[in-house]
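Enquirer: Handing over work_23.csv, CSV, C-alpha atoms.
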chain,number,residue,atom,x,y,z
B,280,MET,CA,23.4,15.2,-31.8
B,281,ALA,CA,24.1,14.9,-28.1
B,282,ARG,CA,21.3,14.7,-25.6
B,283,ALA,CA,21.3,16.5,-22.3
B,284,LEU,CA,19.6,16.0,-19.0
B,285,MET,CA,19.4,18.7,-16.4
B,286,ILE,CA,19.0,17.9,-12.7
B,287,GLN,CA,17.7,20.8,-10.5
B,288,GLY,CA,16.8,21.0,-6.9
B,289,ALA,CA,15.1,23.3,-4.5
B,290,GLY,CA,18.2,24.4,-2.7
B,291,SER,CA,21.8,23.6,-1.7
B,292,ASP,CA,22.8,20.3,-0.1
B,293,VAL,CA,19.6,18.5,-1.3
B,294,GLY,CA,21.5,15.6,-3.1
B,295,LYS,CA,21.7,16.8,-6.7
B,296,SER,CA,25.3,15.9,-7.1
B,297,LEU,CA,24.8,12.4,-5.7
B,298,VAL,CA,21.8,11.8,-7.9
B,299,VAL,CA,23.8,12.9,-11.0
B,300,ALA,CA,26.6,10.5,-10.0
B,301,GLY,CA,24.1,7.7,-9.7
B,302,LEU,CA,22.5,8.5,-13.0
B,303,ALA,CA,26.0,8.8,-14.7
B,304,ARG,CA,26.9,5.3,-13.4
B,305,ALA,CA,23.6,3.8,-14.5
B,306,ALA,CA,23.9,5.3,-18.0
B,307,ARG,CA,27.6,4.2,-18.3
B,308,ARG,CA,26.6,0.6,-17.3
B,309,ARG,CA,24.1,0.7,-20.1
B,310,GLY,CA,26.8,1.6,-22.6
B,311,LEU,CA,26.1,5.4,-22.9
B,312,ARG,CA,28.8,8.0,-22.9
B,313,VAL,CA,28.2,10.5,-20.1
B,314,LEU,CA,30.0,13.7,-19.4
B,315,PRO,CA,28.9,15.6,-16.2
B,316,PHE,CA,28.8,19.4,-16.2
B,317,LYS,CA,28.3,22.1,-13.6
B,318,PRO,CA,29.1,25.6,-14.9
B,319,GLN,CA,29.9,27.1,-11.5
B,320,ASN,CA,30.6,25.5,-8.2
B,321,MET,CA,31.7,26.7,-4.7
B,322,SER,CA,33.9,24.2,-3.0
B,323,ASN,CA,36.7,24.2,-0.5
B,324,ASN,CA,37.5,20.6,-1.6
B,325,ALA,CA,38.8,20.7,-5.1
B,326,ALA,CA,40.1,17.7,-7.1
B,327,VAL,CA,43.0,17.8,-9.6
B,328,THR,CA,42.0,17.2,-13.2
B,329,VAL,CA,43.8,15.6,-16.1
B,330,ASP,CA,44.5,19.0,-17.6
B,331,SER,CA,46.2,20.1,-14.3
B,332,GLY,CA,43.3,22.2,-13.1
B,333,GLU,CA,40.8,21.7,-10.4
B,334,ILE,CA,37.1,21.1,-10.1
B,335,GLY,CA,34.7,20.5,-7.3
B,336,ARG,CA,35.0,17.1,-5.6
B,337,ALA,CA,31.4,16.3,-6.5
B,338,GLN,CA,32.1,16.8,-10.2
B,339,ALA,CA,35.2,14.6,-9.9
B,340,LEU,CA,33.0,11.9,-8.3
B,341,GLN,CA,30.5,12.3,-11.2
B,342,ALA,CA,33.3,11.9,-13.7
B,343,LEU,CA,34.5,8.7,-11.9
B,344,ALA,CA,31.0,7.4,-11.9
B,345,ALA,CA,30.7,8.1,-15.7
B,346,GLY,CA,34.0,6.4,-16.3
B,347,VAL,CA,35.8,9.5,-17.7
B,348,GLU,CA,38.8,11.6,-16.5
B,349,PRO,CA,37.9,14.7,-14.6
B,350,HIS,CA,38.5,17.9,-16.8
B,351,THR,CA,38.0,21.6,-16.1
B,352,ASP,CA,35.5,21.7,-18.9
B,353,MET,CA,33.1,19.8,-16.5
B,354,ASN,CA,33.3,22.7,-14.0
B,355,PRO,CA,34.8,25.7,-15.7
B,356,VAL,CA,34.1,28.3,-12.9
B,357,LEU,CA,35.3,27.2,-9.4
B,358,LEU,CA,34.8,29.5,-6.4
B,359,LYS,CA,37.1,28.6,-3.5
B,360,PRO,CA,36.0,30.3,-0.3
B,361,GLU,CA,38.7,32.3,1.5
B,362,THR,CA,36.7,34.1,4.1
B,363,ASP,CA,33.0,34.2,5.2
B,364,VAL,CA,32.2,36.7,2.5
B,365,GLY,CA,34.9,36.2,-0.2
B,366,ALA,CA,36.3,33.6,-2.5
B,367,GLN,CA,38.9,33.0,-5.2
B,368,ILE,CA,37.5,32.9,-8.7
B,369,ILE,CA,39.2,30.1,-10.7
B,370,VAL,CA,38.3,29.8,-14.4
B,371,HIS,CA,39.7,26.9,-16.4
B,372,ARG,CA,42.8,26.4,-14.2
B,373,MET,CA,43.5,30.1,-13.8
B,374,ARG,CA,43.0,32.1,-10.6
B,375,ILE,CA,41.6,35.4,-12.0
B,376,ALA,CA,40.6,37.2,-8.9
B,377,THR,CA,39.4,37.2,-5.3
B,378,SER,CA,36.0,38.7,-4.9
B,379,ARG,CA,33.6,39.5,-2.1
B,380,ALA,CA,30.2,38.0,-2.5
B,381,ARG,CA,28.6,41.4,-3.1
B,382,GLU,CA,31.1,42.3,-5.9
B,383,TYR,CA,30.8,38.9,-7.7
B,384,ASP,CA,28.0,40.0,-10.0
B,385,SER,CA,30.2,42.5,-11.9
B,386,PRO,CA,32.8,40.0,-13.3
B,387,LYS,CA,30.3,37.1,-13.9
B,388,PRO,CA,29.5,38.0,-17.5
B,389,SER,CA,33.2,37.9,-18.5
B,390,LEU,CA,34.1,34.6,-16.9
B,391,VAL,CA,33.0,32.3,-19.7
B,392,PRO,CA,32.9,33.7,-23.3
B,393,PRO,CA,29.5,33.4,-25.1
Translate the structure of the given file into structure tokens.
Expert:
Amino acid sequence: MARALMIQGAGSDVGKSLVVAGLARAARRRGLRVLPFKPQNMSNNAAVTVDSGEIGRAQALQALAAGVEPHTDMNPVLLKPETDVGAQIIVHRMRIATSRAREYDSPKPSLVPP
């Protein structure tokens, strides 16, 4: 059975992604297989994945640190800001909508199947 480790922080831009990259590299150097995962990310800076999708740059860095190819499964929901109050919603390589921040709660339950 796979083991999981969750890293949480008190807010945005507090270093969680960098800590995860460091932990992934350390685990990889010890011979462990590591696959980083972030269910949803907002990022203007996307990285292309092996399955021709895109994920946040931080998740691509984590994949590199773990010694694995970046894949959309590592960051299935990517929000790409278009305006101060709206973003594209990309789910597993597919742009499904553009949503204003206030309206984003309504499509959230349908983004990733149970």
Enquirer: Env of Leu311 in chain B: 12 Å cut, atoms = all atoms listed in the file, seq-sep filter 3 positions within chain, self excluded. Answer as a list in words.
Expert: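 The filter keeps Ala281, Arg282, Leu302, Ala303, Arg304, Ala305, Ala306, Arg307, Arg308, Leu314, Ala345, Gly346 and Val347 of chain B.
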Enquirer: Please identify all polymer residues within 12 Å of Arg381 in chain B, counting only C-alpha atoms, omitting same-chain residues fewer than 5 positions from it, and present them as a short mmCIF file (atom, residue, chain, number, x, y, z; two decimals) with C-alpha atoms, in the frame of the given file.
Expert:
data_model
loop_
_atom_site.label_atom_id
_atom_site.label_comp_id
_atom_site.auth_asym_id
_atom_site.auth_seq_id
_atom_site.Cartn_x
_atom_site.Cartn_y
_atom_site.Cartn_z
CA ASP B 363 33.00 34.20 5.20
CA VAL B 364 32.20 36.70 2.50
CA GLY B 365 34.90 36.20 -0.20
CA ALA B 366 36.30 33.60 -2.50
CA PRO B 386 32.80 40.00 -13.30
CA LYS B 387 30.30 37.10 -13.90
#
Enquirer: Could you jot down the CA of Ile368 in chain B to CA of Val313 in chain B separation for me, Å, one decimal place?
Expert: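 Answer for the CA of Ile368 in chain B to CA of Val313 in chain B separation: 26.8 Å.
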Enquirer: Compare B:Val298, B:Ile286, B:Val370, B:Ala344 by their minimum atom-to-atom distance to Arg312 in chain B, counting only C-alpha atoms, and give me the closest one.
Expert: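 Checking each candidate against Arg312 in chain B, we get B:Ala344 as the closest.
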Enquirer: I'd like the contact shell of Gln338 in chain B - 8 Å cut-off, only C-alpha atoms, skipping same-chain residues fewer than 4 positions apart - returned as a CSV table (one decimal) with C-alpha atoms, keeping the file's coordinate frame.
Expert:
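result-v2.csv written:
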chain,number,residue,atom,x,y,z
B,296,SER,CA,25.3,15.9,-7.1
B,315,PRO,CA,28.9,15.6,-16.2
B,316,PHE,CA,28.8,19.4,-16.2
B,317,LYS,CA,28.3,22.1,-13.6
B,334,ILE,CA,37.1,21.1,-10.1
B,342,ALA,CA,33.3,11.9,-13.7
B,349,PRO,CA,37.9,14.7,-14.6
B,353,MET,CA,33.1,19.8,-16.5
B,354,ASN,CA,33.3,22.7,-14.0
